[in-house]
file run-v2.txt (compact mmCIF, C-alpha atoms)
# COMPACT_ATOMS: atom_id res chain seq x y z
CA MET P 751 -35.76 9.04 -4.68
CA THR P 752 -34.44 12.55 -5.15
CA LYS P 753 -31.14 13.73 -6.55
CA PRO P 754 -28.96 16.53 -5.13
CA ASN P 755 -30.03 19.03 -7.75
CA GLY P 756 -33.55 17.69 -8.24
CA VAL P 757 -36.44 20.11 -8.28
CA GLN P 758 -37.97 18.59 -5.13
CA HIS P 759 -34.91 19.58 -3.14
CA SER P 760 -34.72 22.66 -1.03
CA ASP P 761 -31.38 24.47 -0.93
CA ALA P 762 -30.90 23.37 2.67
CA MET P 763 -31.18 19.69 1.76
CA THR P 764 -28.76 20.13 -1.13
CA THR P 765 -26.28 21.71 1.26
CA ALA P 766 -26.81 18.91 3.82
CA TRP P 767 -26.22 16.31 1.08
CA GLN P 768 -23.03 18.03 -0.07
CA PHE P 769 -21.84 18.56 3.51
CA THR P 770 -22.35 14.86 4.34
CA GLU P 771 -20.37 13.77 1.27
CA LYS P 772 -17.48 16.09 2.26
CA VAL P 773 -17.04 14.70 5.79
CA PRO P 774 -13.44 13.33 5.87
CA HIS P 775 -14.30 10.13 7.79
CA GLY P 776 -17.21 9.43 5.43
CA ARG P 777 -14.93 9.93 2.43
CA ASP P 778 -12.30 7.68 3.99
CA LEU P 779 -14.89 4.87 4.31
CA GLY P 780 -16.42 5.68 0.91
CA MET P 781 -19.89 6.61 2.14
CA GLN P 782 -22.29 7.96 -0.49
CA VAL P 783 -25.65 9.64 -0.08
CA VAL P 784 -28.28 7.76 -2.13
CA SER P 785 -31.37 9.81 -1.34
CA VAL P 786 -32.67 12.56 0.93
CA ASP P 787 -36.43 12.87 1.36
CA GLN P 788 -38.45 14.56 4.06
CA GLY P 789 -37.50 12.90 7.34
CA GLN P 790 -35.86 9.96 5.56
CA VAL P 791 -32.42 9.38 4.05
CA CYS P 792 -30.46 6.53 2.50
CA MET P 793 -26.68 6.14 2.44
CA ARG P 794 -24.47 3.45 0.90
CA LEU P 795 -21.03 2.00 1.58
CA THR P 796 -18.98 -0.48 -0.44
CA PRO P 797 -17.01 -2.88 1.81
CA GLN P 798 -13.21 -2.99 1.52
CA SER P 799 -10.89 -5.66 2.91
CA TRP P 800 -9.33 -3.20 5.41
CA MET P 801 -12.77 -2.88 7.05
CA PHE P 802 -12.73 -6.50 8.21
CA ALA P 803 -13.01 -7.44 11.87
CA GLN P 804 -10.62 -10.38 11.56
CA GLU P 805 -7.86 -11.30 9.21
CA ASP P 806 -9.06 -14.79 8.32
CA ARG P 807 -12.70 -14.18 7.49
CA LYS P 808 -14.74 -11.82 5.38
CA GLU P 809 -16.79 -10.01 7.96
CA ILE P 810 -17.10 -6.22 8.16
CA CYS P 811 -16.20 -4.73 11.52
CA THR P 812 -19.35 -3.63 13.40
CA SER P 813 -17.74 -0.21 13.92
CA VAL P 814 -18.00 0.50 10.18
CA LEU P 815 -21.77 -0.08 10.43
CA TYR P 816 -21.76 2.20 13.48
CA SER P 817 -20.09 5.03 11.51
CA LEU P 818 -22.54 4.61 8.63
CA ALA P 819 -25.54 4.74 11.04
CA ASP P 820 -24.15 7.84 12.78
CA SER P 821 -23.67 9.68 9.46
CA ALA P 822 -27.08 8.67 8.10
CA GLY P 823 -28.65 9.62 11.44
CA GLY P 824 -27.14 13.11 11.33
CA LEU P 825 -28.36 13.65 7.77
CA ALA P 826 -31.84 12.43 8.81
CA VAL P 827 -31.98 15.19 11.45
CA PHE P 828 -31.59 17.80 8.68
CA ALA P 829 -34.07 15.93 6.49
CA GLY P 830 -36.58 15.94 9.35
CA ALA P 831 -36.08 19.59 10.26
CA LEU P 832 -35.71 20.78 6.63
CA GLU P 833 -33.14 23.26 7.84
CA LEU P 834 -29.47 23.29 8.72
CA MET P 835 -28.20 23.85 12.22
CA PRO P 836 -25.21 22.58 14.18
CA ILE P 837 -26.06 19.21 15.75
CA ALA P 838 -24.33 16.78 18.10
CA THR P 839 -24.93 13.07 18.77
CA LEU P 840 -26.04 12.65 22.39
CA ASP P 841 -26.14 8.87 22.30
CA MET P 842 -26.58 5.94 19.97
CA ARG P 843 -27.52 2.33 20.64
CA MET P 844 -26.66 -0.30 17.99
CA ASP P 845 -27.89 -3.89 17.83
CA TYR P 846 -25.87 -6.14 15.53
CA LEU P 847 -28.37 -8.75 14.33
CA ARG P 848 -26.19 -10.56 11.78
CA PRO P 849 -22.57 -10.39 10.67
CA ALA P 850 -22.04 -8.22 7.57
CA SER P 851 -20.43 -10.55 5.05
CA GLY P 852 -18.50 -8.02 2.98
CA HIS P 853 -19.86 -9.51 -0.25
CA GLN P 854 -22.55 -6.88 -0.69
CA ALA P 855 -22.74 -3.11 -0.35
CA LEU P 856 -24.30 -1.80 2.86
CA LEU P 857 -27.31 0.51 2.93
CA ALA P 858 -28.27 2.74 5.85
CA GLU P 859 -31.89 3.87 5.93
CA ALA P 860 -32.40 6.50 8.60
CA THR P 861 -35.68 8.07 9.68
CA CYS P 862 -36.33 11.06 11.89
CA ARG P 863 -38.97 9.70 14.28
CA HIS P 864 -39.60 12.81 16.33
CA LEU P 865 -38.32 16.33 16.44
CA THR P 866 -38.48 18.92 19.21
CA ASP P 867 -36.81 22.34 19.27
CA GLU P 868 -33.85 20.81 21.09
CA VAL P 869 -33.72 17.11 20.27
CA ALA P 870 -34.13 14.75 17.30
CA PHE P 871 -34.91 11.04 17.72
CA ILE P 872 -33.57 8.90 14.89
CA HIS P 873 -33.95 5.27 13.89
CA CYS P 874 -31.61 3.67 11.38
CA ASP P 875 -31.56 0.23 9.75
CA ILE P 876 -28.40 -1.19 8.15
CA LEU P 877 -29.17 -3.65 5.34
CA ASN P 878 -27.44 -5.69 2.68
CA GLU P 879 -28.04 -3.95 -0.64
CA GLY P 880 -28.89 -7.06 -2.66
CA ASN P 881 -31.26 -9.13 -0.55
CA ARG P 882 -32.17 -6.31 1.90
CA GLU P 883 -31.31 -8.57 4.82
CA LEU P 884 -31.39 -6.57 8.06
CA LEU P 885 -27.87 -6.51 9.58
CA ALA P 886 -28.14 -3.95 12.36
CA THR P 887 -30.51 -1.41 13.87
CA ALA P 888 -29.66 1.86 15.59
CA ASN P 889 -31.55 4.33 17.76
CA ALA P 890 -29.91 7.68 18.29
CA THR P 891 -30.67 10.99 19.96
CA PHE P 892 -29.20 14.18 18.55
CA MET P 893 -29.04 17.60 20.20
CA ARG P 894 -30.09 20.37 17.81
CA ASN P 895 -28.78 23.91 17.60
CA THR P 896 -25.60 23.18 19.48
CA GLN P 897 -22.94 25.84 19.65
CA GLY P 898 -20.77 25.63 16.61
CA GLN P 899 -19.96 27.19 13.33
CA GLN P 900 -22.47 27.94 10.63
CA PHE P 901 -22.92 25.56 7.76
CA ASN P 902 -20.70 25.92 4.80
CA ALA P 903 -20.51 22.94 2.50
CA GLY P 904 -17.48 24.43 0.81
CA GLY P 905 -15.05 24.00 3.67
CA ARG P 906 -14.28 25.50 7.06
CA GLY P 907 -16.83 28.05 8.20
CA LYS P 908 -15.60 31.45 9.27
CA GLU P 909 -18.43 32.81 11.39
CA ARG P 910 -19.46 31.72 14.85
CA ALA P 911 -23.03 30.52 15.13
CA MET I 701 -7.81 -2.22 32.99
CA SER I 702 -9.64 -2.59 36.27
CA THR I 703 -12.12 -5.25 37.26
CA THR I 704 -15.47 -4.42 38.77
CA GLY I 705 -17.18 -7.78 38.29
CA ASP I 706 -16.78 -11.38 39.28
CA SER I 707 -13.62 -12.16 37.35
CA GLU I 708 -11.07 -14.11 39.34
CA GLN I 709 -7.94 -12.65 37.83
CA HIS I 710 -6.34 -9.65 39.41
CA ILE I 711 -3.68 -7.79 37.51
CA SER I 712 -0.93 -6.14 39.49
CA GLY I 713 2.76 -5.49 39.08
CA ALA I 714 4.72 -3.97 36.24
CA ALA I 715 5.70 -7.28 34.61
CA GLU I 716 2.09 -8.42 34.39
CA SER I 717 1.07 -5.03 33.00
CA ALA I 718 3.74 -5.16 30.32
CA GLU I 719 2.58 -8.65 29.40
CA GLU I 720 -1.03 -7.47 29.24
CA CYS I 721 0.01 -4.59 26.96
CA ALA I 722 1.75 -7.01 24.61
CA ASP I 723 -1.36 -9.26 24.59
CA TRP I 724 -3.61 -6.34 23.69
CA GLN I 725 -1.21 -5.12 20.99
CA ALA I 726 -1.13 -8.59 19.42
CA LEU I 727 -4.94 -8.85 19.44
CA LEU I 728 -5.37 -5.36 17.93
CA ALA I 729 -2.78 -6.10 15.24
CA ARG I 730 -5.02 -8.94 13.99
CA ILE I 731 -7.96 -6.59 13.34
CA PRO I 732 -7.64 -5.00 9.87
CA TYR I 733 -9.96 -2.08 10.74
CA ALA I 734 -8.01 -1.35 13.97
CA ARG I 735 -4.84 -1.14 11.85
CA HIS I 736 -6.59 1.21 9.42
CA LEU I 737 -7.59 3.52 12.29
CA GLY I 738 -4.05 3.36 13.70
CA LEU I 739 -5.01 2.12 17.19
CA GLU I 740 -2.05 1.45 19.48
CA VAL I 741 -1.68 0.15 23.02
CA GLN I 742 -0.04 2.12 25.83
CA GLN I 743 0.76 1.38 29.43
CA GLY I 744 -1.30 3.79 31.56
CA ASP I 745 -1.06 4.51 35.29
CA ALA I 746 -4.13 2.41 35.99
CA GLY I 747 -3.77 -0.31 33.34
CA VAL I 748 -3.81 -0.70 29.59
CA VAL I 749 -4.87 2.27 27.47
CA VAL I 750 -5.74 2.25 23.76
CA HIS I 751 -4.52 5.35 21.92
CA LEU I 752 -6.12 6.70 18.74
CA PRO I 753 -3.75 9.22 17.09
CA CYS I 754 -5.60 12.02 15.29
CA ARG I 755 -5.49 12.39 11.52
CA GLU I 756 -7.64 14.10 8.93
CA ALA I 757 -9.50 10.94 7.84
CA LEU I 758 -11.09 10.66 11.31
CA ILE I 759 -12.80 14.06 11.22
CA GLY I 760 -16.62 14.09 11.24
CA ASN I 761 -17.16 17.84 11.26
CA PHE I 762 -14.57 19.92 9.43
CA MET I 763 -16.09 23.20 10.59
CA LEU I 764 -15.46 22.70 14.32
CA PRO I 765 -13.32 20.53 13.70
CA ALA I 766 -14.39 17.40 15.62
CA LEU I 767 -13.81 13.65 15.38
CA HIS I 768 -16.60 11.57 13.80
CA GLY I 769 -18.94 9.93 16.31
CA GLY I 770 -18.32 6.64 14.53
CA VAL I 771 -14.57 6.94 15.11
CA LEU I 772 -15.22 7.10 18.86
CA GLY I 773 -17.66 4.21 18.37
CA ALA I 774 -14.87 2.18 16.78
CA LEU I 775 -12.39 3.08 19.53
CA ILE I 776 -14.93 1.95 22.15
CA GLU I 777 -16.05 -1.24 20.38
CA LEU I 778 -12.54 -2.40 19.51
CA THR I 779 -11.22 -1.63 23.01
CA ALA I 780 -14.12 -3.65 24.45
CA ARG I 781 -13.45 -6.52 22.07
CA VAL I 782 -9.76 -6.73 22.93
CA ALA I 783 -10.50 -6.40 26.68
CA ALA I 784 -13.00 -9.29 26.53
CA GLN I 785 -10.72 -11.45 24.39
CA SER I 786 -7.59 -10.87 26.48
CA ARG I 787 -9.48 -11.84 29.62
CA ASP I 788 -10.94 -15.04 28.11
CA THR I 789 -8.92 -18.09 29.12
CA GLU I 790 -9.30 -19.60 25.63
CA THR I 791 -8.79 -16.19 23.92
CA ARG I 792 -11.93 -16.87 21.89
CA CYS I 793 -12.77 -14.14 19.39
CA PRO I 794 -15.91 -12.42 20.71
CA ARG I 795 -18.78 -11.19 18.54
CA ILE I 796 -20.13 -7.73 19.35
CA LEU I 797 -23.88 -8.01 20.01
CA ASP I 798 -24.73 -4.43 20.86
CA SER I 799 -23.21 -1.19 21.98
CA HIS I 800 -24.65 1.90 23.60
CA ILE I 801 -22.49 5.01 23.50
CA ASN I 802 -23.07 8.32 25.26
CA TYR I 803 -21.25 11.40 23.98
CA LEU I 804 -20.25 13.59 26.91
CA ARG I 805 -18.05 16.36 25.52
CA SER I 806 -16.97 17.48 22.06
CA ALA I 807 -14.22 15.33 20.55
CA LYS I 808 -11.52 17.68 19.32
CA ASP I 809 -9.00 16.93 16.58
CA ARG I 810 -6.34 15.52 18.87
CA SER I 811 -5.20 12.23 20.43
CA THR I 812 -7.93 10.19 22.09
CA PHE I 813 -7.50 7.45 24.72
CA ALA I 814 -9.73 4.62 25.90
CA SER I 815 -9.70 2.29 28.87
CA ALA I 816 -11.92 -0.70 29.62
CA ASP I 817 -13.64 -1.92 32.78
CA ILE I 818 -14.98 -5.44 32.79
CA VAL I 819 -18.48 -5.27 34.26
CA ARG I 820 -18.96 -9.00 33.91
CA GLN I 821 -16.99 -11.72 32.19
CA GLY I 822 -19.18 -14.79 31.92
CA ARG I 823 -18.75 -18.12 30.14
CA ARG I 824 -20.89 -17.09 27.16
CA SER I 825 -21.01 -13.32 27.26
CA SER I 826 -19.01 -10.37 28.38
CA LEU I 827 -20.13 -6.84 29.30
CA ILE I 828 -17.46 -4.16 28.99
CA GLN I 829 -17.60 -0.48 29.96
CA VAL I 830 -15.24 1.77 27.99
CA THR I 831 -14.35 5.38 28.77
CA CYS I 832 -12.68 7.80 26.28
CA TRP I 833 -10.84 11.00 27.09
CA GLN I 834 -8.49 13.46 25.42
CA SER I 835 -6.44 15.99 27.40
CA GLU I 836 -7.62 15.01 30.89
CA ARG I 837 -8.68 11.59 32.04
CA SER I 838 -11.05 13.17 34.57
CA LYS I 839 -12.99 14.79 31.69
CA PRO I 840 -14.33 11.88 29.62
CA ILE I 841 -15.60 12.73 26.12
CA ALA I 842 -17.54 9.48 25.59
CA SER I 843 -18.60 6.42 27.49
CA GLY I 844 -19.84 3.13 26.05
CA LEU I 845 -21.27 -0.16 27.20
CA VAL I 846 -20.59 -3.10 24.88
CA GLN I 847 -22.15 -6.56 25.10
CA LEU I 848 -20.13 -9.37 23.49
CA LEU I 849 -20.88 -13.01 22.82
CA LEU I 850 -18.12 -15.54 23.37
CA PRO I 851 -18.60 -18.41 20.92
CA THR I 852 -19.24 -21.82 22.46
CA MET I 853 -17.24 -24.84 21.28
CA ALA I 854 -20.30 -26.04 19.28
CA ALA I 855 -20.63 -22.69 17.50
CA GLN I 856 -16.90 -22.67 16.70
CA GLN I 857 -17.17 -26.14 15.16
CA GLU I 858 -20.15 -25.06 13.08
CA ASP I 859 -18.19 -22.04 11.94
CA LEU I 860 -15.29 -24.19 10.77
CA HIS I 861 -17.66 -26.19 8.58
CA GLU I 862 -19.20 -23.06 7.12
CA HIS I 863 -16.00 -21.34 6.06
call {"tool": "encode", "arguments": {"input": "run-v2.txt", "output": "structure tokens"}}
result
Amino acid sequence: MTKPNGVQHSDAMTTAWQFTEKVPHGRDLGMQVVSVDQGQVCMRLTPQSWMFAQEDRKEICTSVLYSLADSAGGLAVFAGALELMPIATLDMRMDYLRPASGHQALLAEATCRHLTDEVAFIHCDILNEGNRELLATANATFMRNTQGQQFNAGGRGKERA
Amino acid sequence: MSTTGDSEQHISGAAESAEECADWQALLARIPYARHLGLEVQQGDAGVVVHLPCREALIGNFMLPALHGGVLGALIELTARVAAQSRDTETRCPRILDSHINYLRSAKDRSTFASADIVRQGRRSSLIQVTCWQSERSKPIASGLVQLLLPTMAAQQEDLHEH
């Protein structure tokens, strides 16, 4: 496991880590980056009662798992490419194997399976933190080098890519 | 909402549409995460529409800016869930089994809308197609296919014992 300012980290990965933790929707849900290694990342989310799918039972809405997988997937593209570029999700397929109870934190472990100049193929598992029970799996395709603004972890970018 | 499958019901007329809107609103109001996102039901020209008002907490890329892909995922999954539940005669609460979402255009920081088409409503499962758009309905920004499981009476009983 590597830390944001660890010696194993390239500047690009540090920026990707910081950028991911600044995403407003990720902050709203309380997503944290746990680790970024080459082609592999881990993110974590602590369930809250407003994330439930129903009022009368403690079960996290599948869409929260979806958001976590999408964020971890995007970070895994940077971790696979070891560089920053604007990316866009082309598609994502989620399978919800078990209900997420809300008693344990959720982990997303995303891997960059294959990278071409244009496309990144990502797999992501969503697990319970304690017993590592597999809750959901995701397969996503990201477009690389899309038109957009250059990376700037500090806030809005000014220059066109 | 339009029907493309083998469902028997056919919705027509303003009164029925208003009733359907109220049904959807009531079902959405019971989902804590839907309340957090601020989802609301509107009467569209061609059926019920779910509206997601834009706010800062929904942004996924602050440089563009663009909505988070997971926010569109939530709009699609929750619209599918409410569509399947409202169409079920016993209004059983469906469990989402899987979803496959294609992103078609960039999602800008503005209001987003979703409508559902029932591909098939069966006794045990339901397949719902959801389309999302922003400024123009003819220019969808995302499209999703959601498979839901409708709990059988036996599973519901088991559930009661568990909780």
call {"tool": "closest_residue", "arguments": {"input": "run-v2.txt", "among": "I:Ser786, I:Ser826, I:Thr791, I:Asn802", "to": "chain P", "atoms": "only C-alpha atoms"}}
result
I:Asn802
call {"tool": "interface_residues", "arguments": {"input": "run-v2.txt", "of": "chain I", "to": "chain P", "cutoff": "9 Å", "atoms": "only C-alpha atoms", "output": "tab-separated table (two decimals) with C-alpha atoms, keeping the file's coordinate frame"}}
result
chain	number	residue	atom	x	y	z
I	730	ARG	CA	-5.02	-8.94	13.99
I	731	ILE	CA	-7.96	-6.59	13.34
I	732	PRO	CA	-7.64	-5.00	9.87
I	733	TYR	CA	-9.96	-2.08	10.74
I	734	ALA	CA	-8.01	-1.35	13.97
I	735	ARG	CA	-4.84	-1.14	11.85
I	736	HIS	CA	-6.59	1.21	9.42
I	756	GLU	CA	-7.64	14.10	8.93
I	757	ALA	CA	-9.50	10.94	7.84
I	758	LEU	CA	-11.09	10.66	11.31
I	759	ILE	CA	-12.80	14.06	11.22
I	760	GLY	CA	-16.62	14.09	11.24
I	761	ASN	CA	-17.16	17.84	11.26
I	762	PHE	CA	-14.57	19.92	9.43
I	763	MET	CA	-16.09	23.20	10.59
I	764	LEU	CA	-15.46	22.70	14.32
I	765	PRO	CA	-13.32	20.53	13.70
I	767	LEU	CA	-13.81	13.65	15.38
I	768	HIS	CA	-16.60	11.57	13.80
I	769	GLY	CA	-18.94	9.93	16.31
I	770	GLY	CA	-18.32	6.64	14.53
I	771	VAL	CA	-14.57	6.94	15.11
I	773	GLY	CA	-17.66	4.21	18.37
I	774	ALA	CA	-14.87	2.18	16.78
I	775	LEU	CA	-12.39	3.08	19.53
I	776	ILE	CA	-14.93	1.95	22.15
I	777	GLU	CA	-16.05	-1.24	20.38
I	778	LEU	CA	-12.54	-2.40	19.51
I	793	CYS	CA	-12.77	-14.14	19.39
I	795	ARG	CA	-18.78	-11.19	18.54
I	796	ILE	CA	-20.13	-7.73	19.35
I	797	LEU	CA	-23.88	-8.01	20.01
I	798	ASP	CA	-24.73	-4.43	20.86
I	799	SER	CA	-23.21	-1.19	21.98
I	800	HIS	CA	-24.65	1.90	23.60
I	801	ILE	CA	-22.49	5.01	23.50
I	802	ASN	CA	-23.07	8.32	25.26
I	803	TYR	CA	-21.25	11.40	23.98
I	804	LEU	CA	-20.25	13.59	26.91
I	806	SER	CA	-16.97	17.48	22.06
I	863	HIS	CA	-16.00	-21.34	6.06
call {"tool": "atom_distance", "arguments": {"input": "run-v2.txt", "atom1": "atom CA of I:Ala746", "atom2": "atom CA of I:Val819"}}
result
16.4 Å
call {"tool": "residues_around", "arguments": {"input": "run-v2.txt", "residues": "I:Asp788", "least_positions_apart": "4", "cutoff": "10 Å", "atoms": "only C-alpha atoms", "output": "list in words"}}
result
Val782, Ala783, Ala784, Arg792, Cys793, Pro794, Gln821, Gly822, Arg823, Ser826 and Leu850 of chain I
call {"tool": "closest_residue", "arguments": {"input": "run-v2.txt", "among": "I:Pro840, I:Pro851, I:Gly747, I:Gly738", "to": "I:Ala714", "atoms": "all atoms listed in the file"}}
result
I:Gly747
call {"tool": "residues_near_point", "arguments": {"input": "run-v2.txt", "point": "(-3.9, -7.7, 22.6)", "cutoff": "10 Å", "atoms": "all atoms listed in the file", "output": "MDAnalysis selection string"}}
result
chainID I and resid 719:730 740:741 748 779 781:783 785:787 791
call {"tool": "atom_distance", "arguments": {"input": "run-v2.txt", "atom1": "atom CA of P:Gln854", "atom2": "atom CA of I:Leu752"}}
result
28.8 Å
call {"tool": "atom_distance", "arguments": {"input": "run-v2.txt", "atom1": "atom CA of I:Ala842", "atom2": "atom CA of P:Ala829"}}
result
26.1 Å
call {"tool": "closest_residue", "arguments": {"input": "run-v2.txt", "among": "I:Thr852, I:Ala715, I:Pro753, I:Phe813", "to": "I:Ser838", "atoms": "only C-alpha atoms"}}
result
I:Phe813
call {"tool": "build_atoms", "arguments": {"input": "run-v2.txt", "residues": "stretch 741-753 of chain I", "atoms": "N, CA and C atoms", "output": "mmCIF file, keeping the file's coordinate frame"}}
result
data_model
loop_
_atom_site.group_PDB
_atom_site.id
_atom_site.type_symbol
_atom_site.label_atom_id
_atom_site.label_comp_id
_atom_site.auth_asym_id
_atom_site.auth_seq_id
_atom_site.Cartn_x
_atom_site.Cartn_y
_atom_site.Cartn_z
ATOM 1 N N VAL I 741 -1.516 0.431 21.596
ATOM 2 C CA VAL I 741 -1.680 0.150 23.020
ATOM 3 C C VAL I 741 -0.600 0.880 23.809
ATOM 4 N N GLN I 742 -0.994 1.458 24.942
ATOM 5 C CA GLN I 742 -0.040 2.120 25.830
ATOM 6 C C GLN I 742 -0.235 1.626 27.248
ATOM 7 N N GLN I 743 0.847 1.726 28.025
ATOM 8 C CA GLN I 743 0.760 1.380 29.430
ATOM 9 C C GLN I 743 0.350 2.626 30.209
ATOM 10 N N GLY I 744 -0.858 2.636 30.773
ATOM 11 C CA GLY I 744 -1.300 3.790 31.560
ATOM 12 C C GLY I 744 -1.008 3.575 33.030
ATOM 13 N N ASP I 745 -1.285 4.606 33.842
ATOM 14 C CA ASP I 745 -1.060 4.510 35.290
ATOM 15 C C ASP I 745 -1.958 3.437 35.913
ATOM 16 N N ALA I 746 -3.170 3.331 35.383
ATOM 17 C CA ALA I 746 -4.130 2.410 35.990
ATOM 18 C C ALA I 746 -4.491 1.270 35.032
ATOM 19 N N GLY I 747 -3.518 0.810 34.230
ATOM 20 C CA GLY I 747 -3.770 -0.310 33.340
ATOM 21 C C GLY I 747 -3.563 0.042 31.880
ATOM 22 N N VAL I 748 -4.046 -0.856 31.025
ATOM 23 C CA VAL I 748 -3.810 -0.700 29.590
ATOM 24 C C VAL I 748 -4.715 0.388 29.018
ATOM 25 N N VAL I 749 -4.143 1.188 28.118
ATOM 26 C CA VAL I 749 -4.870 2.270 27.470
ATOM 27 C C VAL I 749 -4.725 2.103 25.962
ATOM 28 N N VAL I 750 -5.825 2.279 25.221
ATOM 29 C CA VAL I 750 -5.740 2.250 23.760
ATOM 30 C C VAL I 750 -5.703 3.697 23.266
ATOM 31 N N HIS I 751 -4.724 4.001 22.430
ATOM 32 C CA HIS I 751 -4.520 5.350 21.920
ATOM 33 C C HIS I 751 -4.925 5.424 20.444
ATOM 34 N N LEU I 752 -5.740 6.431 20.122
ATOM 35 C CA LEU I 752 -6.120 6.700 18.740
ATOM 36 C C LEU I 752 -5.476 8.023 18.323
ATOM 37 N N PRO I 753 -4.375 7.965 17.546
ATOM 38 C CA PRO I 753 -3.750 9.220 17.090
ATOM 39 C C PRO I 753 -4.694 9.929 16.115
#
